[in-house]
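Text of model_38.cif (mmCIF, C-alpha atoms) as supplied:
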data_coords
#
loop_
_atom_site.label_atom_id
_atom_site.label_comp_id
_atom_site.auth_asym_id
_atom_site.auth_seq_id
_atom_site.Cartn_x
_atom_site.Cartn_y
_atom_site.Cartn_z
CA MET E 1 99.62 35.13 -7.97
CA SER E 2 101.89 33.83 -5.41
CA VAL E 3 105.29 32.42 -4.83
CA ARG E 4 107.07 32.95 -1.58
CA THR E 5 110.38 34.76 -1.57
CA GLY E 6 112.37 36.59 1.04
CA ARG E 7 111.88 40.07 -0.37
CA ARG E 8 111.09 42.95 1.89
CA VAL E 9 108.03 44.61 0.40
CA ARG E 10 105.64 45.31 3.24
CA THR E 11 102.28 45.20 1.48
CA ALA E 12 100.13 43.13 3.82
CA VAL E 13 97.56 45.91 3.87
CA LEU E 14 94.68 43.47 3.76
CA GLY E 15 96.36 40.40 5.11
CA VAL E 16 97.75 39.42 1.70
CA VAL E 17 101.28 40.28 0.69
CA VAL E 18 102.15 41.26 -2.88
CA ALA E 19 105.18 41.50 -5.17
CA ALA E 20 107.58 39.88 -7.76
CA GLY E 21 111.56 40.65 -8.34
CA VAL E 22 115.76 44.38 -8.82
CA THR E 23 118.58 47.24 -7.89
CA ALA E 24 120.17 50.15 -9.69
CA THR E 25 121.26 53.64 -8.86
CA LEU E 26 118.12 55.61 -8.13
CA CYS E 27 117.41 58.91 -9.84
CA VAL E 28 115.16 60.71 -7.34
CA ALA E 29 112.63 63.09 -8.82
CA PRO E 30 112.68 66.80 -7.97
CA ALA E 31 110.76 67.75 -4.82
CA SER E 32 108.34 70.17 -6.51
CA ALA E 33 105.37 67.80 -6.51
CA ARG E 34 106.05 66.77 -2.94
CA GLU E 35 106.31 70.34 -1.70
CA ALA E 36 102.93 71.06 -3.27
CA ALA E 37 101.17 68.31 -1.31
CA PRO E 38 98.32 69.78 0.76
CA ALA E 39 98.42 69.31 4.51
CA THR E 40 95.72 66.63 4.37
CA HIS E 41 97.99 64.40 2.26
CA ARG E 42 101.36 65.40 3.68
CA ALA E 43 101.74 62.12 5.58
CA THR E 44 100.89 60.16 2.42
CA GLN E 45 103.56 61.99 0.46
CA GLN E 46 106.06 61.41 3.25
CA ALA E 47 105.28 57.67 3.17
CA MET E 48 105.83 57.64 -0.59
CA ASP E 49 109.15 59.43 -0.14
CA ALA E 50 110.14 56.88 2.52
CA ALA E 51 109.39 54.03 0.10
CA VAL E 52 111.85 55.54 -2.39
CA ARG E 53 114.49 55.87 0.33
CA ASP E 54 113.88 52.20 1.08
CA GLY E 55 114.76 51.29 -2.51
CA VAL E 56 111.57 51.60 -4.57
CA PRO E 57 112.53 53.31 -7.85
CA GLY E 58 109.24 55.20 -8.04
CA VAL E 59 105.79 55.54 -6.48
CA VAL E 60 102.65 57.03 -7.98
CA GLY E 61 99.18 57.28 -6.51
CA THR E 62 95.87 59.12 -6.47
CA ALA E 63 93.58 59.76 -3.52
CA GLN E 64 90.03 61.05 -3.64
CA ASP E 65 88.17 62.28 -0.58
CA GLY E 66 84.71 63.50 -1.46
CA GLY E 67 85.14 65.68 -4.53
CA ARG E 68 88.79 66.47 -3.87
CA VAL E 69 91.47 64.61 -5.85
CA TRP E 70 95.15 64.54 -4.93
CA ASN E 71 97.98 63.05 -7.02
CA GLY E 72 101.25 62.10 -5.37
CA ASP E 73 104.52 60.72 -6.66
CA ALA E 74 108.10 60.07 -5.62
CA GLY E 75 111.18 58.72 -7.34
CA VAL E 76 111.31 57.86 -11.01
CA ALA E 77 109.47 55.87 -13.65
CA ASP E 78 112.66 55.02 -15.54
CA LEU E 79 116.04 54.41 -13.91
CA ARG E 80 117.87 54.92 -17.19
CA THR E 81 116.39 58.29 -18.19
CA GLY E 82 115.35 59.61 -14.77
CA ARG E 83 111.85 60.38 -16.06
CA GLU E 84 109.51 61.11 -13.16
CA ARG E 85 106.40 59.08 -12.47
CA ARG E 86 103.15 60.72 -13.61
CA SER E 87 99.62 60.38 -12.28
CA GLU E 88 98.38 59.18 -15.67
CA ASP E 89 100.97 56.38 -15.89
CA ARG E 90 99.52 52.93 -16.41
CA TYR E 91 100.87 49.89 -14.57
CA ARG E 92 100.22 46.17 -14.19
CA ILE E 93 97.74 45.65 -11.34
CA GLY E 94 98.17 41.91 -10.69
CA SER E 95 95.48 40.50 -8.43
CA LEU E 96 93.29 43.58 -8.48
CA THR E 97 92.11 41.78 -11.63
CA LYS E 98 90.29 39.37 -9.30
CA THR E 99 87.76 41.99 -8.22
CA PHE E 100 86.83 42.66 -11.84
CA VAL E 101 86.38 38.94 -12.51
CA ALA E 102 84.28 38.43 -9.38
CA THR E 103 82.09 41.39 -10.35
CA VAL E 104 81.25 39.77 -13.69
CA VAL E 105 80.45 36.42 -12.03
CA LEU E 106 78.08 38.21 -9.64
CA GLN E 107 76.44 40.08 -12.50
CA LEU E 108 75.82 36.73 -14.19
CA GLU E 109 74.25 35.45 -10.98
CA ALA E 110 72.00 38.52 -10.81
CA GLU E 111 70.87 37.78 -14.37
CA GLY E 112 70.07 34.16 -13.52
CA THR E 113 72.78 32.73 -15.78
CA LEU E 114 74.50 30.91 -12.93
CA SER E 115 74.41 30.46 -9.16
CA LEU E 116 77.25 30.84 -6.70
CA ASP E 117 76.20 27.45 -5.35
CA ASP E 118 76.79 25.77 -8.72
CA THR E 119 79.67 23.33 -8.66
CA VAL E 120 82.80 23.78 -10.70
CA GLU E 121 82.06 20.41 -12.27
CA HIS E 122 78.70 21.70 -13.52
CA TRP E 123 80.40 24.39 -15.61
CA LEU E 124 83.78 22.78 -16.28
CA PRO E 125 83.26 19.01 -16.42
CA GLY E 126 86.40 17.01 -15.77
CA VAL E 127 88.67 20.04 -15.31
CA VAL E 128 89.12 19.83 -11.51
CA ARG E 129 89.99 16.18 -11.06
CA GLY E 130 92.89 14.00 -9.90
CA ASN E 131 95.21 13.90 -6.88
CA GLY E 132 92.22 14.26 -4.57
CA ASN E 133 90.77 17.26 -6.43
CA ASP E 134 87.02 16.96 -7.01
CA GLY E 135 85.10 19.68 -8.86
CA THR E 136 81.79 18.13 -7.79
CA LYS E 137 82.47 19.27 -4.22
CA ILE E 138 83.62 22.84 -4.96
CA THR E 139 81.24 25.74 -5.57
CA LEU E 140 81.78 28.95 -7.48
CA ARG E 141 81.47 30.82 -4.19
CA GLN E 142 84.41 28.82 -2.83
CA LEU E 143 86.49 29.79 -5.85
CA LEU E 144 85.78 33.49 -5.33
CA ASN E 145 86.52 33.53 -1.59
CA HIS E 146 89.52 31.16 -1.70
CA THR E 147 87.95 28.42 0.40
CA SER E 148 88.08 25.79 -2.38
CA GLY E 149 91.31 24.17 -1.16
CA ILE E 150 92.66 24.02 -4.73
CA SER E 151 96.44 24.36 -4.88
CA ASN E 152 97.93 27.63 -6.10
CA TYR E 153 99.60 26.94 -9.46
CA THR E 154 102.16 29.71 -8.93
CA ALA E 155 103.49 27.79 -5.92
CA ASP E 156 104.47 24.88 -8.17
CA GLU E 157 108.25 24.45 -8.00
CA ALA E 158 108.85 24.01 -11.74
CA PHE E 159 106.57 26.91 -12.67
CA GLY E 160 108.26 29.08 -10.06
CA GLN E 161 111.69 28.31 -11.46
CA ARG E 162 110.61 29.38 -14.96
CA ILE E 163 108.76 32.50 -13.88
CA PHE E 164 110.27 33.87 -10.65
CA SER E 165 113.99 33.26 -11.08
CA VAL E 166 116.39 34.66 -13.68
CA ASP E 167 114.97 31.96 -15.97
CA PHE E 168 112.11 34.43 -16.43
CA LEU E 169 114.32 36.28 -18.90
CA ARG E 170 114.12 33.26 -21.23
CA HIS E 171 110.44 32.57 -20.57
CA ARG E 172 108.96 36.07 -20.32
CA TYR E 173 107.18 35.74 -23.69
CA ASP E 174 105.82 32.22 -23.17
CA THR E 175 102.07 31.80 -23.63
CA TYR E 176 99.98 29.77 -21.18
CA THR E 177 96.39 28.69 -21.68
CA PRO E 178 94.02 28.69 -18.69
CA ARG E 179 93.78 24.91 -18.89
CA GLN E 180 97.57 24.58 -18.74
CA LEU E 181 97.65 26.69 -15.56
CA VAL E 182 94.85 24.68 -13.94
CA ASP E 183 96.57 21.42 -14.88
CA ILE E 184 99.67 22.58 -13.00
CA ALA E 185 97.53 22.89 -9.88
CA MET E 186 95.90 19.52 -10.53
CA GLY E 187 99.34 17.97 -10.21
CA HIS E 188 99.09 18.72 -6.46
CA ARG E 189 96.76 17.52 -3.76
CA PRO E 190 94.28 20.07 -2.38
CA ASP E 191 95.42 22.17 0.57
CA PHE E 192 92.26 21.19 2.51
CA GLU E 193 88.71 19.94 2.04
CA PRO E 194 86.48 22.52 0.31
CA GLY E 195 84.96 25.04 2.72
CA THR E 196 87.02 24.03 5.75
CA SER E 197 89.75 26.68 5.63
CA TRP E 198 91.13 29.62 3.62
CA HIS E 199 94.17 29.81 1.39
CA TYR E 200 94.93 32.28 -1.38
CA SER E 201 95.09 30.48 -4.71
CA ASN E 202 95.38 32.06 -8.14
CA THR E 203 94.01 28.85 -9.62
CA ASN E 204 90.58 29.76 -8.21
CA PHE E 205 90.35 32.81 -10.45
CA ILE E 206 91.75 31.09 -13.53
CA LEU E 207 88.79 28.73 -13.09
CA ALA E 208 86.41 31.66 -12.54
CA GLY E 209 87.53 33.15 -15.85
CA MET E 210 86.90 29.82 -17.55
CA VAL E 211 83.39 29.68 -16.03
CA ILE E 212 82.60 33.16 -17.41
CA GLU E 213 83.59 32.00 -20.88
CA LYS E 214 81.53 28.81 -20.60
CA ALA E 215 78.46 30.68 -19.30
CA THR E 216 78.53 33.55 -21.81
CA GLY E 217 80.27 32.21 -24.88
CA HIS E 218 82.72 35.11 -24.61
CA SER E 219 86.09 35.48 -22.94
CA TYR E 220 86.24 36.96 -19.46
CA ALA E 221 88.16 39.87 -21.01
CA THR E 222 85.31 40.64 -23.40
CA GLU E 223 82.78 40.48 -20.57
CA ILE E 224 84.85 42.75 -18.30
CA GLU E 225 85.21 45.27 -21.11
CA ARG E 226 81.48 45.20 -21.93
CA ARG E 227 80.12 45.12 -18.40
CA VAL E 228 82.62 47.21 -16.43
CA LEU E 229 85.18 49.17 -18.44
CA ARG E 230 82.84 50.75 -20.97
CA PRO E 231 79.98 51.67 -18.59
CA LEU E 232 82.43 53.29 -16.16
CA HIS E 233 84.54 54.87 -18.96
CA LEU E 234 87.71 53.26 -17.63
CA ARG E 235 89.74 54.22 -20.66
CA SER E 236 93.15 53.50 -19.12
CA THR E 237 92.24 49.95 -18.08
CA THR E 238 93.01 47.06 -20.42
CA LEU E 239 93.23 43.29 -20.56
CA PRO E 240 96.32 42.63 -22.71
CA GLY E 241 95.87 38.87 -23.14
CA THR E 242 99.21 37.73 -24.59
CA ASP E 243 100.51 41.18 -25.58
CA ALA E 244 103.79 41.74 -23.72
CA ARG E 245 103.90 45.49 -24.37
CA MET E 246 102.75 48.16 -21.93
CA PRO E 247 100.39 50.84 -23.25
CA LYS E 248 101.54 54.44 -23.06
CA PRO E 249 101.95 56.42 -20.92
CA SER E 250 103.78 54.08 -18.61
CA GLY E 251 107.12 53.73 -16.91
CA ARG E 252 109.36 50.71 -16.42
CA ALA E 253 109.00 47.80 -13.98
CA TYR E 254 111.97 46.42 -12.04
CA SER E 255 112.73 43.16 -10.25
CA LYS E 256 115.60 41.30 -8.63
CA LEU E 257 114.28 37.93 -9.87
CA SER E 258 115.74 36.58 -6.65
CA PRO E 259 114.87 36.38 -2.94
CA GLU E 260 117.84 38.65 -2.34
CA THR E 261 117.27 42.41 -2.08
CA ALA E 262 120.82 43.23 -3.16
CA GLY E 263 122.38 42.48 -6.49
CA ARG E 264 121.42 43.16 -10.05
CA THR E 265 118.22 44.95 -11.01
CA TYR E 266 116.36 43.71 -14.08
CA ASP E 267 113.91 45.59 -16.28
CA VAL E 268 110.91 43.23 -16.42
CA THR E 269 108.45 45.62 -18.06
CA ALA E 270 107.76 43.40 -21.06
CA LEU E 271 106.09 40.09 -20.24
CA ASN E 272 103.35 37.87 -21.60
CA PRO E 273 100.58 38.26 -18.98
CA SER E 274 98.93 34.95 -19.90
CA MET E 275 101.01 33.57 -17.01
CA ALA E 276 98.54 35.48 -14.81
CA GLY E 277 95.39 35.37 -16.94
CA SER E 278 92.13 36.02 -15.10
CA ALA E 279 94.03 35.92 -11.80
CA GLY E 280 96.16 38.98 -12.57
CA GLU E 281 96.69 40.15 -16.17
CA MET E 282 95.13 43.63 -16.16
CA VAL E 283 96.71 47.05 -16.66
CA SER E 284 95.22 50.26 -15.26
CA ASP E 285 96.02 53.60 -13.64
CA SER E 286 95.23 55.05 -10.23
CA ALA E 287 92.29 57.22 -11.30
CA ASP E 288 90.53 54.29 -13.03
CA LEU E 289 91.07 52.02 -10.03
CA ASN E 290 89.57 54.57 -7.66
CA ARG E 291 86.57 55.00 -9.97
CA PHE E 292 86.06 51.24 -10.21
CA TYR E 293 86.16 50.49 -6.48
CA ARG E 294 83.99 53.49 -5.63
CA ALA E 295 81.40 52.44 -8.21
CA LEU E 296 81.48 48.84 -6.99
CA LEU E 297 81.07 49.62 -3.29
CA THR E 298 78.29 52.15 -3.90
CA GLY E 299 76.12 49.74 -5.88
CA LYS E 300 76.66 51.03 -9.42
CA LEU E 301 77.80 47.64 -10.76
CA LEU E 302 75.83 45.11 -8.71
CA PRO E 303 72.31 44.82 -7.28
CA GLN E 304 72.20 45.00 -3.48
CA ARG E 305 71.80 41.22 -3.09
CA GLN E 306 74.97 40.49 -5.06
CA LEU E 307 76.90 43.31 -3.38
CA THR E 308 75.92 41.81 -0.02
CA GLU E 309 77.24 38.43 -1.21
CA MET E 310 80.48 40.02 -2.36
CA THR E 311 81.01 41.77 0.98
CA THR E 312 80.16 38.69 3.08
CA THR E 313 83.61 37.71 4.30
CA VAL E 314 85.58 34.86 5.80
CA PRO E 315 88.68 35.15 8.01
CA VAL E 316 92.03 34.85 6.27
CA GLY E 317 93.80 33.32 9.25
CA PRO E 318 95.38 34.14 12.61
CA GLY E 319 98.18 36.11 10.98
CA ALA E 320 95.76 38.85 9.91
CA PRO E 321 93.00 39.09 12.54
CA GLU E 322 91.75 42.46 11.26
CA SER E 323 91.44 41.28 7.65
CA ARG E 324 88.75 39.24 5.91
CA TYR E 325 88.08 38.10 2.36
CA GLY E 326 84.79 38.33 0.49
CA LEU E 327 84.28 37.44 -3.18
CA GLY E 328 87.31 38.85 -4.97
CA LEU E 329 87.31 41.67 -2.43
CA MET E 330 89.12 42.15 0.86
CA THR E 331 88.45 44.28 3.90
CA SER E 332 90.55 45.40 6.82
CA LYS E 333 90.02 47.57 9.88
CA LEU E 334 92.97 49.91 10.23
CA PRO E 335 94.46 50.83 13.63
CA CYS E 336 92.66 54.18 13.58
CA GLY E 337 89.30 52.39 13.22
CA THR E 338 88.71 53.13 9.54
CA GLU E 339 87.43 50.15 7.55
CA VAL E 340 88.71 49.88 3.98
CA TRP E 341 87.74 47.61 1.10
CA GLY E 342 89.70 46.69 -2.00
CA HIS E 343 92.59 44.48 -3.03
CA ASP E 344 96.35 44.44 -3.46
CA GLY E 345 98.22 42.96 -6.35
CA GLY E 346 101.69 42.14 -7.55
CA ILE E 347 103.27 40.94 -10.73
CA HIS E 348 106.89 41.18 -11.85
CA GLY E 349 108.18 44.66 -11.04
CA SER E 350 104.81 46.06 -10.01
CA SER E 351 103.14 46.19 -6.58
CA SER E 352 99.74 47.89 -6.37
CA VAL E 353 97.04 48.66 -3.81
CA ALA E 354 93.54 50.07 -4.29
CA LEU E 355 91.27 50.75 -1.31
CA THR E 356 88.12 52.68 -0.54
CA THR E 357 85.83 53.23 2.40
CA LYS E 358 82.57 51.33 2.06
CA ASP E 359 80.61 54.50 1.31
CA GLY E 360 83.00 55.20 -1.57
CA ARG E 361 83.83 58.65 -0.23
CA HIS E 362 87.53 58.19 0.45
CA SER E 363 89.68 56.11 -1.92
CA LEU E 364 93.35 55.53 -2.66
CA ALA E 365 95.18 53.66 -5.42
CA PHE E 366 98.95 53.56 -5.81
CA ASN E 367 101.81 51.58 -7.30
CA PHE E 368 105.46 50.76 -6.58
CA ASN E 369 107.40 49.99 -9.77
CA ASN E 370 109.36 47.21 -8.06
CA ASP E 371 108.72 44.10 -6.00
CA TRP E 372 111.48 43.86 -3.42
CA SER E 373 111.28 46.91 -1.15
CA GLY E 374 108.98 49.58 0.18
CA ASP E 375 106.23 49.81 2.78
CA ALA E 376 102.79 49.99 1.19
CA VAL E 377 101.15 49.63 4.59
CA ALA E 378 102.70 52.94 5.62
CA VAL E 379 101.19 54.68 2.58
CA VAL E 380 97.73 53.31 3.41
CA LEU E 381 97.91 54.29 7.08
CA ALA E 382 99.19 57.73 6.15
CA GLU E 383 96.26 58.37 3.82
CA PHE E 384 93.42 56.91 5.86
CA CYS E 385 94.74 57.49 9.39
CA GLY E 386 97.05 60.48 8.91
CA THR E 387 100.08 58.74 10.35
CA ALA E 388 102.75 56.42 9.01
CA PRO E 389 104.28 53.72 11.23
CA ALA E 390 107.94 52.94 11.49
CA ALA E 391 109.01 50.29 9.00
CA GLY E 392 108.07 46.85 10.24
CA PRO E 393 110.10 43.66 10.17
CA ALA E 394 110.82 41.88 6.94
CA GLU E 395 107.81 39.96 5.62
CA PRO E 396 107.49 37.28 2.95
CA VAL E 397 106.59 38.56 -0.48
CA HIS E 398 104.31 36.92 -3.01
CA ALA E 399 104.82 37.39 -6.71
CA LEU E 400 101.98 37.65 -9.21
CA LYS E 401 99.51 38.39 -6.44
#
Please go through the file and, once you have read it, give me the structure as structure tokens.
Amino acid sequence: MSVRTGRRVRTAVLGVVVAAGVTATLCVAPASAREAAPATHRATQQAMDAAVRDGVPGVVGTAQDGGRVWNGDAGVADLRTGRERRSEDRYRIGSLTKTFVATVVLQLEAEGTLSLDDTVEHWLPGVVRGNGNDGTKITLRQLLNHTSGISNYTADEAFGQRIFSVDFLRHRYDTYTPRQLVDIAMGHRPDFEPGTSWHYSNTNFILAGMVIEKATGHSYATEIERRVLRPLHLRSTTLPGTDARMPKPSGRAYSKLSPETAGRTYDVTALNPSMAGSAGEMVSDSADLNRFYRALLTGKLLPQRQLTEMTTTVPVGPGAPESRYGLGLMTSKLPCGTEVWGHDGGIHGSSSVALTTKDGRHSLAFNFNNDWSGDAVAVVLAEFCGTAPAAGPAEPVHALK
């Protein structure tokens, strides 16, 4: 989901920046796990360590290359107790939720239930209307690849004040319905005519979740559980709905709730994820995310025709020439020539990335338990290219991505 702040999390791995909003004295974990890192992942561990030095309380991640699995961590899961991060820790994955939602929509297309060329109006009559918004001109495909032009509801000023400032502490347990979130976006004119440009909008995937419910008679959460989580045995992945609690095992999540990187650090672990809904509510762990993206890219979830549709991409703009967006899935060519597919995601106090090569052989999923510092790009380049760049300049951060 996305609201612009001035925070310094460098997570534009795929041309989209993630995050949400914290400082305290860091309790750095013992070096035993880091010293045990094999040579092939030494650069990845070093990039994780650097993120902690940059202010991230803790990093955890899992890489798989062929049949070999490596777990890395740095820093702590809990600033109060000093408990280390663990590979089995669950965390909020923000916009990685979008790939799960898109997968279900494509499965429904494969079954003949809907078509990507159906209009939003066909499935959700009267929902996308007003202020120049017209659901008769927007297709489901344009929702999934962010070319609809529909305004991003998280960019709304009033919503942002409630959710991304210290006012969050009073509103963290508020419940939002999908229609309420869409109506926020309908209060704004479209960013552009459908199909003429690209702009990341969480509203697109709130609408996609509503379409799943209309087409199946079940919530998008039920369909994701039935079609993806159970077949792949993703036992650490959940859709909490309105439940503000984190399942165990898990650590804490920290935010500044401010564009400033200095100042007070807030524990934002508990929140009602209906503010993100089908655009970013899910919880998972690194092993499950790797399994999901590997299965998806190797054709275990979609027929070849739908997988081809999902991996047919559009440019995301001049600011990210090496990155393109498909249907709930992004791709980027790294400086070393390796092409990776996946998504990044941020929600309050949690910044996550999950990537895999297209053949599914080499994958990486990791999480920062904050949203104001750290260089996720360095972790990705370390794992897939073997080198980590020097920290780049400050970049804008998006919350609830």
Item to complete: Would you mind telling me which residue in E:Leu116, E:Val60, E:Ala43, E:Ile184 lies nearest to Met310 in chain E when using all atoms listed in the file?
Response: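 Comparing E:Leu116, E:Val60, E:Ala43, E:Ile184 against Met310 in chain E, the winner is E:Leu116.
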Item to complete: Identify all residues satisfying the PyMOL selection byres ((chain E and resi 323) around 10) in the given file; provide them as a ChimeraX atom specification.
Response: /E:12-16,313-322,324-325,330-334,339-341
Padding 3 Å on every side, please: axis-aligned box over the listed atoms of range 325-342 of chain E, centre and edge lengths to one decimal in Å, as JSON.
{"center_x": 89.4, "center_y": 45.8, "center_z": 4.3, "size_x": 16.2, "size_y": 22.7, "size_z": 24.6}
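The shortest atom-to-atom distance to Trp372 in chain E, with all atoms listed in the file taken into account, belongs to E:Gly349 out of E:Gly349, E:Pro178, E:Gly195, E:Gly132.
The residue that comes closest to Phe168 in chain E, out of E:Thr62, E:Thr40, E:Asn272, E:Thr312 and on the basis of all atoms listed in the file, is E:Asn272.
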Item to complete: Work out how far CA of Tyr293 in chain E is from CA of Leu96 in chain E, in Å to one decimal.
Response: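 Between these atoms lies a distance of 10.1 Å.
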Item to complete: Can you work out which one of E:Pro231, E:Pro335, E:Gly241, E:Gly126 has the shortest atom-to-atom distance to Ala378 in chain E, counting only C-alpha atoms?
Response: E:Pro335
Fill in: Closest of E:Leu124, E:Ala47, E:Ala63, E:Met246 to Gly360 in chain E - atom-to-atom distances counting all atoms listed in the file
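Among the listed residues, E:Ala63 lies closest to Gly360 in chain E.
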Worksheet item: For Ile138 in chain E, which residue among E:Gly82, E:Gly160, E:Gly112, E:Pro190 is the nearest when counting all atoms listed in the file?
Response: E:Pro190
Item to complete: To verify the selection step, state as a ChimeraX atom specification which residues the PyMOL selection byres ((chain E and resi 356-359) around 9) yields on this input.
Response: /E:290,293-294,297-298,338-342,354-355,360-365
Worksheet entry | Two-atom distance - CA of Met48 in chain E, CA of Ser201 in chain E (Å) |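 For CA of Met48 in chain E relative to CA of Ser201 in chain E, the distance reads 29.5 Å.
Put simply, CA of Glu157 in chain E is 19.9 Å away from CA of Phe205 in chain E.
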Evaluate the PyMOL selection byres ((chain E and resi 92-95) around 7) here and jot the selected residues down as a short mmCIF file (atom, residue, chain, number, x, y, z; two decimals) with C-alpha atoms, in the frame of the given file.
data_model
loop_
_atom_site.label_atom_id
_atom_site.label_comp_id
_atom_site.auth_asym_id
_atom_site.auth_seq_id
_atom_site.Cartn_x
_atom_site.Cartn_y
_atom_site.Cartn_z
CA MET E 1 99.62 35.13 -7.97
CA TYR E 91 100.87 49.89 -14.57
CA LEU E 96 93.29 43.58 -8.48
CA THR E 97 92.11 41.78 -11.63
CA LYS E 98 90.29 39.37 -9.30
CA ALA E 279 94.03 35.92 -11.80
CA GLY E 280 96.16 38.98 -12.57
CA GLU E 281 96.69 40.15 -16.17
CA MET E 282 95.13 43.63 -16.16
CA VAL E 283 96.71 47.05 -16.66
CA SER E 284 95.22 50.26 -15.26
CA ASP E 344 96.35 44.44 -3.46
CA GLY E 345 98.22 42.96 -6.35
CA GLY E 346 101.69 42.14 -7.55
CA ILE E 347 103.27 40.94 -10.73
CA SER E 350 104.81 46.06 -10.01
CA SER E 352 99.74 47.89 -6.37
CA LEU E 400 101.98 37.65 -9.21
CA LYS E 401 99.51 38.39 -6.44
#
Fill in: Expected residue set, 10 Å radius at (105.9, 62.3, 2.8), all atoms listed in the file, as a PyMOL selection string
chain E and resi 34-35+37+41-51+72-74+379+382+388
Find the residues near Thr113 in chain E: any atom within 10 Å, counting all atoms listed in the file, skip ones fewer than 5 places away on the same chain, and give them as a CSV table (one decimal) with C-alpha atoms, in the coordinates of the input.
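Dumped to around35.csv:
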chain,number,residue,atom,x,y,z
E,105,VAL,CA,80.4,36.4,-12.0
E,106,LEU,CA,78.1,38.2,-9.6
E,107,GLN,CA,76.4,40.1,-12.5
E,108,LEU,CA,75.8,36.7,-14.2
E,212,ILE,CA,82.6,33.2,-17.4
E,215,ALA,CA,78.5,30.7,-19.3
E,216,THR,CA,78.5,33.6,-21.8
Worksheet item: List as a ChimeraX atom specification: which residues have an atom within 10 Å of (101.5, 52.5, -13.6), counting only C-alpha atoms?
Response: /E:58-61,77,85-93,246-253,283-286,350-352,366-369
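By all atoms listed in the file, and with residues fewer than 4 positions from Asp243 in chain E along its chain excluded, the set lying at most 10 Å from it is E:Tyr173, E:Thr175, E:Leu239, E:Pro247, E:Ala270, E:Leu271, E:Asn272, E:Pro273, E:Ser274.
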Can you patch up range 136-147 of chain E, filling it in to N, CA, C and O atoms, and show the result as an mmCIF file, keeping the file's coordinate frame?
data_model
loop_
_atom_site.group_PDB
_atom_site.id
_atom_site.type_symbol
_atom_site.label_atom_id
_atom_site.label_comp_id
_atom_site.auth_asym_id
_atom_site.auth_seq_id
_atom_site.Cartn_x
_atom_site.Cartn_y
_atom_site.Cartn_z
ATOM 1 N N THR E 136 83.187 18.311 -8.188
ATOM 2 C CA THR E 136 81.790 18.130 -7.790
ATOM 3 C C THR E 136 81.536 18.624 -6.374
ATOM 4 O O THR E 136 80.384 18.795 -5.972
ATOM 5 N N LYS E 137 82.597 18.848 -5.616
ATOM 6 C CA LYS E 137 82.470 19.270 -4.220
ATOM 7 C C LYS E 137 82.817 20.733 -4.000
ATOM 8 O O LYS E 137 82.797 21.219 -2.873
ATOM 9 N N ILE E 138 83.172 21.444 -5.088
ATOM 10 C CA ILE E 138 83.620 22.840 -4.960
ATOM 11 C C ILE E 138 82.629 23.744 -5.672
ATOM 12 O O ILE E 138 82.258 23.504 -6.821
ATOM 13 N N THR E 139 82.194 24.802 -4.984
ATOM 14 C CA THR E 139 81.240 25.740 -5.570
ATOM 15 C C THR E 139 81.950 26.965 -6.135
ATOM 16 O O THR E 139 83.110 27.249 -5.802
ATOM 17 N N LEU E 140 81.223 27.697 -6.956
ATOM 18 C CA LEU E 140 81.780 28.950 -7.480
ATOM 19 C C LEU E 140 82.067 29.933 -6.356
ATOM 20 O O LEU E 140 83.045 30.676 -6.417
ATOM 21 N N ARG E 141 81.219 29.938 -5.346
ATOM 22 C CA ARG E 141 81.470 30.820 -4.190
ATOM 23 C C ARG E 141 82.822 30.511 -3.565
ATOM 24 O O ARG E 141 83.580 31.412 -3.184
ATOM 25 N N GLN E 142 83.145 29.219 -3.455
ATOM 26 C CA GLN E 142 84.410 28.820 -2.830
ATOM 27 C C GLN E 142 85.611 29.186 -3.693
ATOM 28 O O GLN E 142 86.707 29.409 -3.174
ATOM 29 N N LEU E 143 85.418 29.268 -5.006
ATOM 30 C CA LEU E 143 86.490 29.790 -5.850
ATOM 31 C C LEU E 143 86.743 31.256 -5.528
ATOM 32 O O LEU E 143 87.887 31.696 -5.364
ATOM 33 N N LEU E 144 85.654 32.035 -5.454
ATOM 34 C CA LEU E 144 85.780 33.490 -5.330
ATOM 35 C C LEU E 144 86.257 33.935 -3.959
ATOM 36 O O LEU E 144 86.798 35.030 -3.826
ATOM 37 N N ASN E 145 86.034 33.115 -2.910
ATOM 38 C CA ASN E 145 86.520 33.530 -1.590
ATOM 39 C C ASN E 145 87.702 32.693 -1.100
ATOM 40 O O ASN E 145 88.088 32.760 0.064
ATOM 41 N N HIS E 146 88.304 31.930 -1.995
ATOM 42 C CA HIS E 146 89.520 31.160 -1.700
ATOM 43 C C HIS E 146 89.330 30.135 -0.594
ATOM 44 O O HIS E 146 90.228 29.893 0.213
ATOM 45 N N THR E 147 88.155 29.515 -0.550
ATOM 46 C CA THR E 147 87.950 28.420 0.400
ATOM 47 C C THR E 147 87.801 27.085 -0.323
ATOM 48 O O THR E 147 87.330 26.110 0.249
#
